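Encoded as structure tokens, the structure appears first; notes follow it.
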Amino acid sequence: MEAAAKQFKKRNAILACLRQTRLHPSAEMVYEMLRPDFPDISLATVYRNLSRFKSEGLIQSLGTVNGIERFDADTHPHVHFICTGCGRVMDLPQLEPPLSLGQEAEASTGCHVESCQLTFSGLCGHCQTQ
């Protein structure tokens with residue numbers, strides 16, 4: 001029973017970690033953020049729970065950035081910018097994904113659109129000055 005309680009506590013901590021950051025972290029980043037409070041947490045536990053949260057719709061994957069999958073606990077439709085230089089991922093709250101785009105995709109394909117991610121990529125201001 002105690003092992004299950006520890007597992008549940010770690011699962012909650014992983015989800016809370018994602019919800020409390022705007023970094024759009026990778027599994028490795030989540031693992032490093034949680035290690036001080038959970039020294040016995042394993043990277044496999046983080047990956048397993050991220051996969052579970054993703055399948056339950058509690059988080060979303062932003063795809064890979066520099067070969068590493070990144071995650072976001074904010075699952076409402078919103079726009080991202082990914083820096084191709086440093087890998088920083090930013091929300092662009094001032095931009096709304098156009099709903100008409102999904103409707104146009106449905107009309108042109110006959111398919112039903114369930115979700116859409118709009119992501120811009122390029123160099124952030126910091127990388128531009130380097």
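All residue names refer to the structure tokens as shown: chains lettered A, B, ... in order, residues numbered from 1 in each chain, ligands numbered from 1 in order.
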
query = What's the 6 Å shell around A:Ile82, counting only C-alpha atoms, without same-chain residues fewer than 4 positions away, as a list in words?
reply = Arg88, Val89 and Ser121 of chain A

task = Please provide as a count of residues only all residues within 12 Å of A:Lys9, with the sequence filter that same-chain residues fewer than 6 positions apart are discarded (counting only C-alpha atoms).
result = 10

message = Can you tell me which residues surround A:Tyr31 at a distance of at most 12 Å, considering only C-alpha atoms, apart from same-chain residues fewer than 3 positions away, and format the answer as a ChimeraX atom specification?
response = /A:10-11,13-15,17-18,25-28,34-50

query = Excluding same-chain residues fewer than 6 positions from A:Pro97, what lies within 8 Å of it counting only C-alpha atoms, as a ChimeraX atom specification?
reply = /A:77-79,118

Atoms kept (C-alpha atoms) for selection, written as a PDB file, in the first residue's frame:
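Contents of out_13.pdb, freshly written:
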```pdb
ATOM      1  CA  PRO A  77      -5.786  25.817 -28.297  1.00  0.00           C
ATOM      2  CA  HIS A  78      -2.982  28.362 -28.345  1.00  0.00           C
ATOM      3  CA  VAL A  79      -0.012  29.380 -30.472  1.00  0.00           C
ATOM      4  CA  LEU A 118      -0.083  26.265 -34.643  1.00  0.00           C
TER       5      LEU A 118
END
```

key: Two-atom distance - atom CA of A:Cys124, atom CA of A:Glu96 (Å)   =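 Computed distance, atom CA of A:Cys124 to atom CA of A:Glu96, equals 19.8 Å.
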
task = Using backbone DSSP assignments, extract all strand (DSSP E or B) residues from chain A; output them as a PyMOL selection string.
result = chain A and resi 26+60-65+68-72+79-83+89-91+118-122

For A:His76: contacts at 12 Å, only C-alpha atoms, fewer than 2 positions along chain excluded, given as a PyMOL selection string = chain A and resi 57-60+72-74+78-79+91+93+96-97+115-118

If you run DSSP on the backbone here, which positions in chain A get helix (DSSP H, G or I)? Please write them as a PDB file with N, CA, C and O atoms, in the first residue's frame.
```pdb
ATOM      1  N   GLU A   2       1.962   1.233   0.760  1.00  0.00           N
ATOM      2  CA  GLU A   2       2.833   2.392   0.837  1.00  0.00           C
ATOM      3  C   GLU A   2       3.480   2.694  -0.506  1.00  0.00           C
ATOM      4  O   GLU A   2       3.632   3.855  -0.881  1.00  0.00           O
ATOM      5  N   ALA A   3       3.849   1.672  -1.268  1.00  0.00           N
ATOM      6  CA  ALA A   3       4.457   1.869  -2.592  1.00  0.00           C
ATOM      7  C   ALA A   3       3.474   2.562  -3.529  1.00  0.00           C
ATOM      8  O   ALA A   3       3.851   3.443  -4.307  1.00  0.00           O
ATOM      9  N   ALA A   4       2.206   2.165  -3.477  1.00  0.00           N
ATOM     10  CA  ALA A   4       1.188   2.791  -4.327  1.00  0.00           C
ATOM     11  C   ALA A   4       1.003   4.260  -3.943  1.00  0.00           C
ATOM     12  O   ALA A   4       0.837   5.109  -4.816  1.00  0.00           O
ATOM     13  N   ALA A   5       1.044   4.560  -2.664  1.00  0.00           N
ATOM     14  CA  ALA A   5       0.897   5.943  -2.211  1.00  0.00           C
ATOM     15  C   ALA A   5       2.071   6.792  -2.686  1.00  0.00           C
ATOM     16  O   ALA A   5       1.892   7.934  -3.109  1.00  0.00           O
ATOM     17  N   LYS A   6       3.291   6.234  -2.658  1.00  0.00           N
ATOM     18  CA  LYS A   6       4.472   6.955  -3.139  1.00  0.00           C
ATOM     19  C   LYS A   6       4.367   7.206  -4.635  1.00  0.00           C
ATOM     20  O   LYS A   6       4.705   8.282  -5.116  1.00  0.00           O
ATOM     21  N   GLN A   7       3.864   6.195  -5.355  1.00  0.00           N
ATOM     22  CA  GLN A   7       3.712   6.338  -6.808  1.00  0.00           C
ATOM     23  C   GLN A   7       2.694   7.429  -7.125  1.00  0.00           C
ATOM     24  O   GLN A   7       2.912   8.250  -8.013  1.00  0.00           O
ATOM     25  N   PHE A   8       1.581   7.457  -6.400  1.00  0.00           N
ATOM     26  CA  PHE A   8       0.547   8.466  -6.611  1.00  0.00           C
ATOM     27  C   PHE A   8       1.089   9.859  -6.287  1.00  0.00           C
ATOM     28  O   PHE A   8       0.806  10.821  -6.996  1.00  0.00           O
ATOM     29  N   LYS A   9       1.895   9.956  -5.239  1.00  0.00           N
ATOM     30  CA  LYS A   9       2.484  11.236  -4.844  1.00  0.00           C
ATOM     31  C   LYS A   9       3.423  11.748  -5.937  1.00  0.00           C
ATOM     32  O   LYS A   9       3.413  12.930  -6.272  1.00  0.00           O
ATOM     33  N   LYS A  10       4.210  10.854  -6.520  1.00  0.00           N
ATOM     34  CA  LYS A  10       5.116  11.238  -7.605  1.00  0.00           C
ATOM     35  C   LYS A  10       4.322  11.643  -8.849  1.00  0.00           C
ATOM     36  O   LYS A  10       4.668  12.615  -9.515  1.00  0.00           O
ATOM     37  N   ARG A  11       3.279  10.900  -9.156  1.00  0.00           N
ATOM     38  CA  ARG A  11       2.437  11.226 -10.310  1.00  0.00           C
ATOM     39  C   ARG A  11       1.855  12.622 -10.154  1.00  0.00           C
ATOM     40  O   ARG A  11       1.884  13.427 -11.094  1.00  0.00           O
ATOM     41  N   ASN A  12       1.332  12.924  -8.977  1.00  0.00           N
ATOM     42  CA  ASN A  12       0.784  14.261  -8.725  1.00  0.00           C
ATOM     43  C   ASN A  12       1.859  15.329  -8.840  1.00  0.00           C
ATOM     44  O   ASN A  12       1.604  16.427  -9.347  1.00  0.00           O
ATOM     45  N   ALA A  13       3.056  15.026  -8.367  1.00  0.00           N
ATOM     46  CA  ALA A  13       4.156  15.993  -8.419  1.00  0.00           C
ATOM     47  C   ALA A  13       4.570  16.272  -9.861  1.00  0.00           C
ATOM     48  O   ALA A  13       4.877  17.413 -10.212  1.00  0.00           O
ATOM     49  N   ILE A  14       4.563  15.254 -10.698  1.00  0.00           N
ATOM     50  CA  ILE A  14       4.919  15.423 -12.111  1.00  0.00           C
ATOM     51  C   ILE A  14       3.912  16.339 -12.792  1.00  0.00           C
ATOM     52  O   ILE A  14       4.278  17.283 -13.498  1.00  0.00           O
ATOM     53  N   LEU A  15       2.629  16.085 -12.570  1.00  0.00           N
ATOM     54  CA  LEU A  15       1.592  16.918 -13.175  1.00  0.00           C
ATOM     55  C   LEU A  15       1.657  18.348 -12.634  1.00  0.00           C
ATOM     56  O   LEU A  15       1.556  19.315 -13.399  1.00  0.00           O
ATOM     57  N   ALA A  16       1.860  18.493 -11.333  1.00  0.00           N
ATOM     58  CA  ALA A  16       1.969  19.833 -10.740  1.00  0.00           C
ATOM     59  C   ALA A  16       3.171  20.580 -11.307  1.00  0.00           C
ATOM     60  O   ALA A  16       3.084  21.781 -11.580  1.00  0.00           O
ATOM     61  N   CYS A  17       4.263  19.885 -11.498  1.00  0.00           N
ATOM     62  CA  CYS A  17       5.458  20.496 -12.063  1.00  0.00           C
ATOM     63  C   CYS A  17       5.164  21.071 -13.445  1.00  0.00           C
ATOM     64  O   CYS A  17       5.548  22.198 -13.752  1.00  0.00           O
ATOM     65  N   LEU A  18       4.479  20.310 -14.269  1.00  0.00           N
ATOM     66  CA  LEU A  18       4.123  20.782 -15.612  1.00  0.00           C
ATOM     67  C   LEU A  18       3.175  21.971 -15.559  1.00  0.00           C
ATOM     68  O   LEU A  18       3.307  22.908 -16.346  1.00  0.00           O
ATOM     69  N   ARG A  19       2.237  21.927 -14.640  1.00  0.00           N
ATOM     70  CA  ARG A  19       1.244  23.009 -14.548  1.00  0.00           C
ATOM     71  C   ARG A  19       1.837  24.299 -13.984  1.00  0.00           C
ATOM     72  O   ARG A  19       1.283  25.374 -14.210  1.00  0.00           O
ATOM     73  N   ALA A  27      10.903  15.572 -20.639  1.00  0.00           N
ATOM     74  CA  ALA A  27      10.865  14.625 -19.519  1.00  0.00           C
ATOM     75  C   ALA A  27      12.097  14.796 -18.641  1.00  0.00           C
ATOM     76  O   ALA A  27      12.012  14.760 -17.409  1.00  0.00           O
ATOM     77  N   GLU A  28      13.241  14.993 -19.273  1.00  0.00           N
ATOM     78  CA  GLU A  28      14.487  15.154 -18.522  1.00  0.00           C
ATOM     79  C   GLU A  28      14.452  16.411 -17.649  1.00  0.00           C
ATOM     80  O   GLU A  28      14.938  16.414 -16.516  1.00  0.00           O
ATOM     81  N   MET A  29      13.876  17.484 -18.177  1.00  0.00           N
ATOM     82  CA  MET A  29      13.763  18.722 -17.406  1.00  0.00           C
ATOM     83  C   MET A  29      12.848  18.523 -16.193  1.00  0.00           C
ATOM     84  O   MET A  29      13.156  18.990 -15.094  1.00  0.00           O
ATOM     85  N   VAL A  30      11.723  17.822 -16.392  1.00  0.00           N
ATOM     86  CA  VAL A  30      10.804  17.531 -15.286  1.00  0.00           C
ATOM     87  C   VAL A  30      11.522  16.703 -14.229  1.00  0.00           C
ATOM     88  O   VAL A  30      11.445  16.983 -13.023  1.00  0.00           O
ATOM     89  N   TYR A  31      12.237  15.696 -14.678  1.00  0.00           N
ATOM     90  CA  TYR A  31      13.000  14.826 -13.782  1.00  0.00           C
ATOM     91  C   TYR A  31      13.971  15.644 -12.932  1.00  0.00           C
ATOM     92  O   TYR A  31      14.019  15.487 -11.707  1.00  0.00           O
ATOM     93  N   GLU A  32      14.724  16.532 -13.562  1.00  0.00           N
ATOM     94  CA  GLU A  32      15.697  17.349 -12.832  1.00  0.00           C
ATOM     95  C   GLU A  32      15.012  18.314 -11.866  1.00  0.00           C
ATOM     96  O   GLU A  32      15.534  18.577 -10.780  1.00  0.00           O
ATOM     97  N   MET A  33      13.851  18.840 -12.238  1.00  0.00           N
ATOM     98  CA  MET A  33      13.130  19.762 -11.351  1.00  0.00           C
ATOM     99  C   MET A  33      12.603  19.040 -10.110  1.00  0.00           C
ATOM    100  O   MET A  33      12.510  19.635  -9.033  1.00  0.00           O
ATOM    101  N   LEU A  34      12.253  17.742 -10.260  1.00  0.00           N
ATOM    102  CA  LEU A  34      11.650  17.003  -9.155  1.00  0.00           C
ATOM    103  C   LEU A  34      12.654  16.272  -8.269  1.00  0.00           C
ATOM    104  O   LEU A  34      12.329  15.920  -7.133  1.00  0.00           O
ATOM    105  N   LEU A  43      13.748   8.453 -14.091  1.00  0.00           N
ATOM    106  CA  LEU A  43      13.379   9.047 -15.369  1.00  0.00           C
ATOM    107  C   LEU A  43      12.279   8.216 -16.033  1.00  0.00           C
ATOM    108  O   LEU A  43      11.380   8.764 -16.670  1.00  0.00           O
ATOM    109  N   ALA A  44      12.320   6.902 -15.848  1.00  0.00           N
ATOM    110  CA  ALA A  44      11.279   6.021 -16.401  1.00  0.00           C
ATOM    111  C   ALA A  44       9.911   6.361 -15.818  1.00  0.00           C
ATOM    112  O   ALA A  44       8.904   6.338 -16.532  1.00  0.00           O
ATOM    113  N   THR A  45       9.859   6.695 -14.536  1.00  0.00           N
ATOM    114  CA  THR A  45       8.591   7.095 -13.899  1.00  0.00           C
ATOM    115  C   THR A  45       8.059   8.369 -14.531  1.00  0.00           C
ATOM    116  O   THR A  45       6.856   8.484 -14.799  1.00  0.00           O
ATOM    117  N   VAL A  46       8.944   9.309 -14.797  1.00  0.00           N
ATOM    118  CA  VAL A  46       8.524  10.558 -15.427  1.00  0.00           C
ATOM    119  C   VAL A  46       7.984  10.278 -16.820  1.00  0.00           C
ATOM    120  O   VAL A  46       6.886  10.728 -17.178  1.00  0.00           O
ATOM    121  N   TYR A  47       8.718   9.515 -17.632  1.00  0.00           N
ATOM    122  CA  TYR A  47       8.260   9.193 -18.984  1.00  0.00           C
ATOM    123  C   TYR A  47       6.923   8.463 -18.966  1.00  0.00           C
ATOM    124  O   TYR A  47       6.017   8.788 -19.737  1.00  0.00           O
ATOM    125  N   ARG A  48       6.785   7.482 -18.096  1.00  0.00           N
ATOM    126  CA  ARG A  48       5.556   6.686 -18.019  1.00  0.00           C
ATOM    127  C   ARG A  48       4.363   7.577 -17.689  1.00  0.00           C
ATOM    128  O   ARG A  48       3.295   7.474 -18.297  1.00  0.00           O
ATOM    129  N   ASN A  49       4.542   8.484 -16.721  1.00  0.00           N
ATOM    130  CA  ASN A  49       3.435   9.357 -16.326  1.00  0.00           C
ATOM    131  C   ASN A  49       3.138  10.417 -17.374  1.00  0.00           C
ATOM    132  O   ASN A  49       1.968  10.755 -17.595  1.00  0.00           O
ATOM    133  N   LEU A  50       4.150  10.943 -18.046  1.00  0.00           N
ATOM    134  CA  LEU A  50       3.895  11.890 -19.128  1.00  0.00           C
ATOM    135  C   LEU A  50       3.080  11.224 -20.232  1.00  0.00           C
ATOM    136  O   LEU A  50       2.146  11.826 -20.776  1.00  0.00           O
ATOM    137  N   SER A  51       3.422   9.995 -20.554  1.00  0.00           N
ATOM    138  CA  SER A  51       2.662   9.255 -21.561  1.00  0.00           C
ATOM    139  C   SER A  51       1.212   9.063 -21.115  1.00  0.00           C
ATOM    140  O   SER A  51       0.278   9.236 -21.904  1.00  0.00           O
ATOM    141  N   ARG A  52       1.040   8.731 -19.868  1.00  0.00           N
ATOM    142  CA  ARG A  52      -0.315   8.548 -19.320  1.00  0.00           C
ATOM    143  C   ARG A  52      -1.103   9.853 -19.374  1.00  0.00           C
ATOM    144  O   ARG A  52      -2.257   9.878 -19.803  1.00  0.00           O
ATOM    145  N   PHE A  53      -0.489  10.958 -18.917  1.00  0.00           N
ATOM    146  CA  PHE A  53      -1.172  12.251 -18.930  1.00  0.00           C
ATOM    147  C   PHE A  53      -1.541  12.663 -20.351  1.00  0.00           C
ATOM    148  O   PHE A  53      -2.607  13.227 -20.586  1.00  0.00           O
ATOM    149  N   LYS A  54      -0.655  12.381 -21.283  1.00  0.00           N
ATOM    150  CA  LYS A  54      -0.914  12.726 -22.688  1.00  0.00           C
ATOM    151  C   LYS A  54      -2.116  11.936 -23.208  1.00  0.00           C
ATOM    152  O   LYS A  54      -3.008  12.511 -23.830  1.00  0.00           O
ATOM    153  N   SER A  55      -2.160  10.645 -22.914  1.00  0.00           N
ATOM    154  CA  SER A  55      -3.286   9.828 -23.400  1.00  0.00           C
ATOM    155  C   SER A  55      -4.590  10.195 -22.707  1.00  0.00           C
ATOM    156  O   SER A  55      -5.663  10.037 -23.281  1.00  0.00           O
ATOM    157  N   GLU A  56      -4.528  10.722 -21.507  1.00  0.00           N
ATOM    158  CA  GLU A  56      -5.723  11.159 -20.776  1.00  0.00           C
ATOM    159  C   GLU A  56      -6.132  12.584 -21.148  1.00  0.00           C
ATOM    160  O   GLU A  56      -7.150  13.083 -20.666  1.00  0.00           O
ATOM    161  N   LEU A  99     -10.081  29.544 -36.030  1.00  0.00           N
ATOM    162  CA  LEU A  99     -11.023  28.421 -36.076  1.00  0.00           C
ATOM    163  C   LEU A  99     -11.396  28.073 -37.508  1.00  0.00           C
ATOM    164  O   LEU A  99     -11.669  26.919 -37.822  1.00  0.00           O
ATOM    165  N   SER A 100     -11.383  29.064 -38.375  1.00  0.00           N
ATOM    166  CA  SER A 100     -11.760  28.819 -39.765  1.00  0.00           C
ATOM    167  C   SER A 100     -10.788  27.867 -40.462  1.00  0.00           C
ATOM    168  O   SER A 100     -11.165  27.182 -41.405  1.00  0.00           O
ATOM    169  N   LEU A 101      -9.560  27.795 -39.985  1.00  0.00           N
ATOM    170  CA  LEU A 101      -8.573  26.904 -40.586  1.00  0.00           C
ATOM    171  C   LEU A 101      -9.010  25.443 -40.457  1.00  0.00           C
ATOM    172  O   LEU A 101      -8.925  24.675 -41.410  1.00  0.00           O
ATOM    173  N   GLY A 102      -9.495  25.075 -39.298  1.00  0.00           N
ATOM    174  CA  GLY A 102     -10.004  23.711 -39.095  1.00  0.00           C
ATOM    175  C   GLY A 102     -11.217  23.439 -39.957  1.00  0.00           C
ATOM    176  O   GLY A 102     -11.358  22.353 -40.533  1.00  0.00           O
ATOM    177  N   GLN A 103     -12.090  24.429 -40.082  1.00  0.00           N
ATOM    178  CA  GLN A 103     -13.281  24.271 -40.911  1.00  0.00           C
ATOM    179  C   GLN A 103     -12.897  24.114 -42.380  1.00  0.00           C
ATOM    180  O   GLN A 103     -13.473  23.299 -43.101  1.00  0.00           O
ATOM    181  N   GLU A 104     -11.889  24.875 -42.819  1.00  0.00           N
ATOM    182  CA  GLU A 104     -11.412  24.761 -44.199  1.00  0.00           C
ATOM    183  C   GLU A 104     -10.777  23.393 -44.446  1.00  0.00           C
ATOM    184  O   GLU A 104     -10.976  22.797 -45.514  1.00  0.00           O
ATOM    185  N   ALA A 105     -10.028  22.902 -43.462  1.00  0.00           N
ATOM    186  CA  ALA A 105      -9.411  21.576 -43.593  1.00  0.00           C
ATOM    187  C   ALA A 105     -10.490  20.502 -43.694  1.00  0.00           C
ATOM    188  O   ALA A 105     -10.375  19.573 -44.505  1.00  0.00           O
ATOM    189  N   GLU A 106     -11.538  20.621 -42.896  1.00  0.00           N
ATOM    190  CA  GLU A 106     -12.636  19.655 -42.962  1.00  0.00           C
ATOM    191  C   GLU A 106     -13.331  19.709 -44.319  1.00  0.00           C
ATOM    192  O   GLU A 106     -13.602  18.667 -44.924  1.00  0.00           O
ATOM    193  N   ALA A 107     -13.603  20.919 -44.799  1.00  0.00           N
ATOM    194  CA  ALA A 107     -14.299  21.076 -46.074  1.00  0.00           C
ATOM    195  C   ALA A 107     -13.477  20.523 -47.240  1.00  0.00           C
ATOM    196  O   ALA A 107     -14.018  19.903 -48.152  1.00  0.00           O
ATOM    197  N   SER A 108     -12.171  20.725 -47.195  1.00  0.00           N
ATOM    198  CA  SER A 108     -11.351  20.291 -48.327  1.00  0.00           C
ATOM    199  C   SER A 108     -10.991  18.815 -48.287  1.00  0.00           C
ATOM    200  O   SER A 108     -10.657  18.231 -49.317  1.00  0.00           O
ATOM    201  N   THR A 109     -11.084  18.174 -47.109  1.00  0.00           N
ATOM    202  CA  THR A 109     -10.698  16.764 -47.005  1.00  0.00           C
ATOM    203  C   THR A 109     -11.858  15.829 -46.723  1.00  0.00           C
ATOM    204  O   THR A 109     -11.748  14.631 -46.946  1.00  0.00           O
ATOM    205  N   GLY A 125      14.717  36.742 -29.968  1.00  0.00           N
ATOM    206  CA  GLY A 125      15.475  37.981 -29.914  1.00  0.00           C
ATOM    207  C   GLY A 125      16.898  37.782 -29.403  1.00  0.00           C
ATOM    208  O   GLY A 125      17.841  38.379 -29.927  1.00  0.00           O
ATOM    209  N   HIS A 126      17.062  36.946 -28.399  1.00  0.00           N
ATOM    210  CA  HIS A 126      18.396  36.695 -27.863  1.00  0.00           C
ATOM    211  C   HIS A 126      19.299  36.045 -28.897  1.00  0.00           C
ATOM    212  O   HIS A 126      20.452  36.460 -29.073  1.00  0.00           O
ATOM    213  N   CYS A 127      18.805  35.029 -29.582  1.00  0.00           N
ATOM    214  CA  CYS A 127      19.621  34.318 -30.577  1.00  0.00           C
ATOM    215  C   CYS A 127      19.929  35.209 -31.786  1.00  0.00           C
ATOM    216  O   CYS A 127      20.970  35.053 -32.421  1.00  0.00           O
ATOM    217  N   GLN A 128      19.039  36.134 -32.103  1.00  0.00           N
ATOM    218  CA  GLN A 128      19.288  37.045 -33.218  1.00  0.00           C
ATOM    219  C   GLN A 128      20.481  37.958 -32.945  1.00  0.00           C
ATOM    220  O   GLN A 128      21.194  38.342 -33.880  1.00  0.00           O
ATOM    221  N   THR A 129      20.706  38.299 -31.689  1.00  0.00           N
ATOM    222  CA  THR A 129      21.809  39.205 -31.354  1.00  0.00           C
ATOM    223  C   THR A 129      23.144  38.488 -31.192  1.00  0.00           C
ATOM    224  O   THR A 129      24.166  39.141 -31.050  1.00  0.00           O
TER     225      THR A 129
END
```

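Nearest to A:Leu123 of all the residues A:Thr75, A:Thr84, A:Asn66, A:Gln94 is A:Thr84, counting only C-alpha atoms.
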
For A:His24: contacts at 6 Å, only C-alpha atoms, fewer than 2 positions along chain excluded, given as number ranges by chain = A: 22, 70-72

Would you save the residues from that selection as a CSV table (one decimal), in the first residue's frame, using all heavy atoms?
```
chain,number,residue,atom,x,y,z
A,22,ARG,N,6.2,27.5,-17.3
A,22,ARG,CA,5.9,28.0,-18.7
A,22,ARG,C,7.0,27.6,-19.6
A,22,ARG,O,7.2,28.0,-20.7
A,22,ARG,CB,5.7,29.5,-18.7
A,22,ARG,CG,4.5,30.0,-17.9
A,22,ARG,CD,3.3,29.3,-18.0
A,22,ARG,NE,2.3,29.8,-18.9
A,22,ARG,CZ,1.3,29.1,-19.3
A,22,ARG,NH1,1.1,27.9,-18.9
A,22,ARG,NH2,0.4,29.6,-20.1
A,70,ARG,N,8.9,17.8,-26.1
A,70,ARG,CA,8.5,18.8,-25.1
A,70,ARG,C,7.0,18.8,-24.8
A,70,ARG,O,6.2,18.4,-25.7
A,70,ARG,CB,8.9,20.2,-25.6
A,70,ARG,CG,10.4,20.3,-26.0
A,70,ARG,CD,11.3,20.5,-24.8
A,70,ARG,NE,11.2,21.8,-24.1
A,70,ARG,CZ,11.9,22.8,-24.5
A,70,ARG,NH1,12.8,22.8,-25.4
A,70,ARG,NH2,11.7,24.0,-23.8
A,71,PHE,N,6.6,19.2,-23.6
A,71,PHE,CA,5.3,19.0,-23.1
A,71,PHE,C,4.7,20.4,-22.6
A,71,PHE,O,5.4,21.3,-22.2
A,71,PHE,CB,5.2,18.0,-22.0
A,71,PHE,CG,5.7,16.6,-22.4
A,71,PHE,CD1,7.0,16.3,-22.3
A,71,PHE,CD2,4.8,15.8,-23.1
A,71,PHE,CE1,7.5,15.0,-22.7
A,71,PHE,CE2,5.3,14.5,-23.5
A,71,PHE,CZ,6.6,14.2,-23.3
A,72,ASP,N,3.4,20.4,-22.6
A,72,ASP,CA,2.6,21.6,-22.2
A,72,ASP,C,1.4,21.2,-21.4
A,72,ASP,O,0.6,20.4,-21.9
A,72,ASP,CB,2.3,22.5,-23.4
A,72,ASP,CG,1.8,23.9,-23.0
A,72,ASP,OD1,1.6,24.2,-21.8
A,72,ASP,OD2,1.6,24.7,-24.0
```

query = Pick from A:Thr119, A:Gly85, A:Cys111, A:Gln130: nearest to A:Gly63, with only C-alpha atoms counted?
reply =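 Going through A:Thr119, A:Gly85, A:Cys111, A:Gln130 one by one, the smallest distance to A:Gly63 is for A:Thr119.
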
remark   = Pairwise distance, atom CA of A:Thr64 with atom CA of A:Gly87, equals 9.8 Å

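The interatomic distance for the pair atom CA of A:Phe81 and atom CA of A:Phe120 works out to 4.6 Å.
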